[in-house]
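Trainee: Following this message is one structure expressed as C-alpha cells.
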Amino acid sequence: MPQLDAGLLEILACPACHAPLDDRTAQETPELVCTAADCGLAYPVRDGIPVLLVDEARRPA
C-alpha cells in the first residue's frame with residue numbers, strides 16, 4: 001500500500017488530543033499513530049483513506 005501524501009500528513013492530527021500522527025501505512029496493518037506519549041491511539045487506514053474516528057481507533061498496548 002502506498003504511503004499517504006506528505007502534504008496531507010502534515011495537516012492531519014489526532015482527533016482526541018490534536019498531536020501529530022506517525023505514518024505507519026507501509027506496515028502490514030496500515031494505520032496512523034498518535035505521537036503523544038499519553039494518547040498513542042492508532043487510527044486505521046482503509047483503502048488509502050484515514051479513518052480518524054476515536055471510536056475506530058486501536059488503544060495502545
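Letters A, B, ... go to the chains of the C-alpha cells in the order shown; residues in each chain start at 1; ligands are counted from 1 in the same order.
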Enumerate the residues of chain A with a DSSP assignment of strand (DSSP E), computed from the backbone, and present them as a list in words.
Mentor: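 In chain A, DSSP puts these residues in strand (DSSP E): Leu21, Asp22, Asp23, Arg24, Glu31, Leu32, Val33, Cys34, Ala42, Tyr43, Pro44, Val45, Arg46, Ile49 and Pro50 of chain A.
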Trainee: Print the selection's residues with C-alpha atoms to a file, as a JSON list (two decimals), in the first residue's frame.
Mentor:
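Result file follows (selection05.json):
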[["chain", "number", "residue", "atom", "x", "y", "z"],
["A", 21, "LEU", "CA", 0.29, 11.46, 13.57],
["A", 22, "ASP", "CA", 3.03, 8.98, 12.65],
["A", 23, "ASP", "CA", 2.53, 7.38, 9.21],
["A", 24, "ARG", "CA", 2.68, 3.60, 9.50],
["A", 31, "GLU", "CA", -2.52, 2.95, 10.41],
["A", 32, "LEU", "CA", -1.72, 6.43, 11.65],
["A", 33, "VAL", "CA", -0.45, 6.51, 15.24],
["A", 34, "CYS", "CA", -0.70, 9.49, 17.57],
["A", 42, "ALA", "CA", -3.78, 4.14, 16.30],
["A", 43, "TYR", "CA", -6.24, 5.06, 13.54],
["A", 44, "PRO", "CA", -6.83, 2.58, 10.70],
["A", 45, "VAL", "CA", -6.25, 3.45, 7.06],
["A", 46, "ARG", "CA", -8.74, 1.66, 4.80],
["A", 49, "ILE", "CA", -8.30, 6.69, 3.45],
["A", 50, "PRO", "CA", -7.50, 7.51, 7.10]]
Trainee: Would you compute the distance between atom CA of A:Asp47 and atom CA of A:Ala61? Give it in Å to one decimal.
Mentor: 24.5 Å
Trainee: Would you please extract all alpha helix (DSSP H) residues from chain A, as assigned by DSSP on the backbone, and give them as a PyMOL selection string?
Mentor: chain A and resi 6-11
Trainee: One decimal, Å: what's the distance from atom CA of A:Pro60 over to atom CA of A:Cys39, could you say?
Mentor: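 Calculated distance between atom CA of A:Pro60 and atom CA of A:Cys39 is 7.8 Å.
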Trainee: So that I can check the surroundings of A:Leu41, please list as number ranges by chain every protein, DNA and RNA residue that reaches within 12 Å of it, counting only C-alpha atoms and ignoring chain neighbours fewer than 3 positions away.
Mentor: A: 13-22, 31-38, 44, 51-61
Trainee: Generate the output file for the selected residues, N, CA, C and O atoms, as a short mmCIF file (atom, residue, chain, number, x, y, z; two decimals), in the first residue's frame.
Mentor:
data_model
loop_
_atom_site.label_atom_id
_atom_site.label_comp_id
_atom_site.auth_asym_id
_atom_site.auth_seq_id
_atom_site.Cartn_x
_atom_site.Cartn_y
_atom_site.Cartn_z
N ALA A 13 -4.16 15.54 12.27
CA ALA A 13 -3.81 15.48 13.70
C ALA A 13 -4.74 14.51 14.39
O ALA A 13 -5.83 14.21 13.90
N CYS A 14 -4.31 14.04 15.53
CA CYS A 14 -5.13 13.13 16.33
C CYS A 14 -6.40 13.85 16.76
O CYS A 14 -6.34 14.93 17.35
N PRO A 15 -7.58 13.29 16.47
CA PRO A 15 -8.82 13.92 16.88
C PRO A 15 -9.00 13.99 18.40
O PRO A 15 -9.71 14.85 18.90
N ALA A 16 -8.35 13.11 19.13
CA ALA A 16 -8.51 13.07 20.58
C ALA A 16 -7.67 14.13 21.29
O ALA A 16 -8.13 14.78 22.22
N CYS A 17 -6.40 14.32 20.85
CA CYS A 17 -5.50 15.23 21.58
C CYS A 17 -4.83 16.28 20.69
O CYS A 17 -4.10 17.12 21.18
N HIS A 18 -5.04 16.19 19.39
CA HIS A 18 -4.52 17.15 18.40
C HIS A 18 -3.01 17.08 18.17
O HIS A 18 -2.43 18.00 17.62
N ALA A 19 -2.37 15.99 18.59
CA ALA A 19 -0.94 15.79 18.35
C ALA A 19 -0.74 15.31 16.91
O ALA A 19 -1.66 14.78 16.29
N PRO A 20 0.48 15.47 16.37
CA PRO A 20 0.77 14.94 15.02
C PRO A 20 0.62 13.42 14.98
O PRO A 20 0.68 12.75 16.01
N LEU A 21 0.44 12.90 13.77
CA LEU A 21 0.29 11.46 13.57
C LEU A 21 1.51 10.89 12.86
O LEU A 21 2.06 11.52 11.96
N ASP A 22 1.91 9.69 13.25
CA ASP A 22 3.03 8.98 12.65
C ASP A 22 2.47 8.05 11.57
O ASP A 22 1.57 7.25 11.83
N GLU A 31 -1.89 2.10 9.43
CA GLU A 31 -2.52 2.95 10.41
C GLU A 31 -1.72 4.22 10.62
O GLU A 31 -0.55 4.31 10.22
N LEU A 32 -2.36 5.20 11.23
CA LEU A 32 -1.72 6.43 11.65
C LEU A 32 -1.74 6.42 13.17
O LEU A 32 -2.79 6.23 13.78
N VAL A 33 -0.57 6.63 13.78
CA VAL A 33 -0.45 6.51 15.24
C VAL A 33 -0.15 7.89 15.83
O VAL A 33 0.75 8.59 15.39
N CYS A 34 -0.90 8.23 16.87
CA CYS A 34 -0.70 9.49 17.57
C CYS A 34 0.69 9.50 18.20
O CYS A 34 1.11 8.51 18.81
N THR A 35 1.40 10.63 18.09
CA THR A 35 2.76 10.73 18.63
C THR A 35 2.79 11.17 20.09
O THR A 35 3.85 11.17 20.70
N ALA A 36 1.66 11.54 20.67
CA ALA A 36 1.63 11.97 22.08
C ALA A 36 1.80 10.76 22.99
O ALA A 36 1.11 9.75 22.84
N ALA A 37 2.72 10.86 23.93
CA ALA A 37 3.02 9.74 24.83
C ALA A 37 1.81 9.34 25.68
O ALA A 37 1.63 8.16 25.97
N ASP A 38 0.98 10.29 26.06
CA ASP A 38 -0.16 9.97 26.91
C ASP A 38 -1.41 9.57 26.13
O ASP A 38 -2.43 9.25 26.73
N PRO A 44 -6.99 3.42 11.89
CA PRO A 44 -6.83 2.58 10.70
C PRO A 44 -6.85 3.41 9.41
O PRO A 44 -7.44 4.50 9.37
N VAL A 51 -9.15 6.73 8.70
CA VAL A 51 -10.42 6.75 9.43
C VAL A 51 -10.12 7.38 10.79
O VAL A 51 -9.73 6.71 11.74
N LEU A 52 -10.29 8.70 10.87
CA LEU A 52 -9.91 9.44 12.08
C LEU A 52 -11.09 9.60 13.03
O LEU A 52 -11.51 10.70 13.37
N LEU A 53 -11.60 8.47 13.46
CA LEU A 53 -12.69 8.43 14.43
C LEU A 53 -12.18 7.76 15.70
O LEU A 53 -11.64 6.65 15.65
N VAL A 54 -12.34 8.42 16.83
CA VAL A 54 -11.85 7.88 18.09
C VAL A 54 -12.46 6.51 18.37
O VAL A 54 -11.79 5.60 18.85
N ASP A 55 -13.73 6.33 18.00
CA ASP A 55 -14.39 5.03 18.21
C ASP A 55 -13.78 3.90 17.37
O ASP A 55 -13.92 2.74 17.72
N GLU A 56 -13.12 4.25 16.27
CA GLU A 56 -12.49 3.24 15.39
C GLU A 56 -11.03 3.02 15.74
O GLU A 56 -10.39 2.10 15.22
N ALA A 57 -10.45 3.84 16.61
CA ALA A 57 -9.03 3.77 16.92
C ALA A 57 -8.72 2.59 17.82
O ALA A 57 -9.53 2.17 18.64
N ARG A 58 -7.49 2.08 17.65
CA ARG A 58 -6.99 1.00 18.50
C ARG A 58 -6.25 1.64 19.66
O ARG A 58 -5.45 2.56 19.49
N ARG A 59 -6.53 1.17 20.86
CA ARG A 59 -5.86 1.68 22.05
C ARG A 59 -4.43 1.16 22.09
O ARG A 59 -4.16 0.05 21.65
N PRO A 60 -3.50 1.95 22.67
CA PRO A 60 -2.11 1.48 22.76
C PRO A 60 -2.01 0.24 23.66
O PRO A 60 -2.80 0.08 24.59
N ALA A 61 -1.04 -0.58 23.36
CA ALA A 61 -0.85 -1.83 24.12
C ALA A 61 -0.32 -1.57 25.52
O ALA A 61 0.29 -0.62 25.81
#
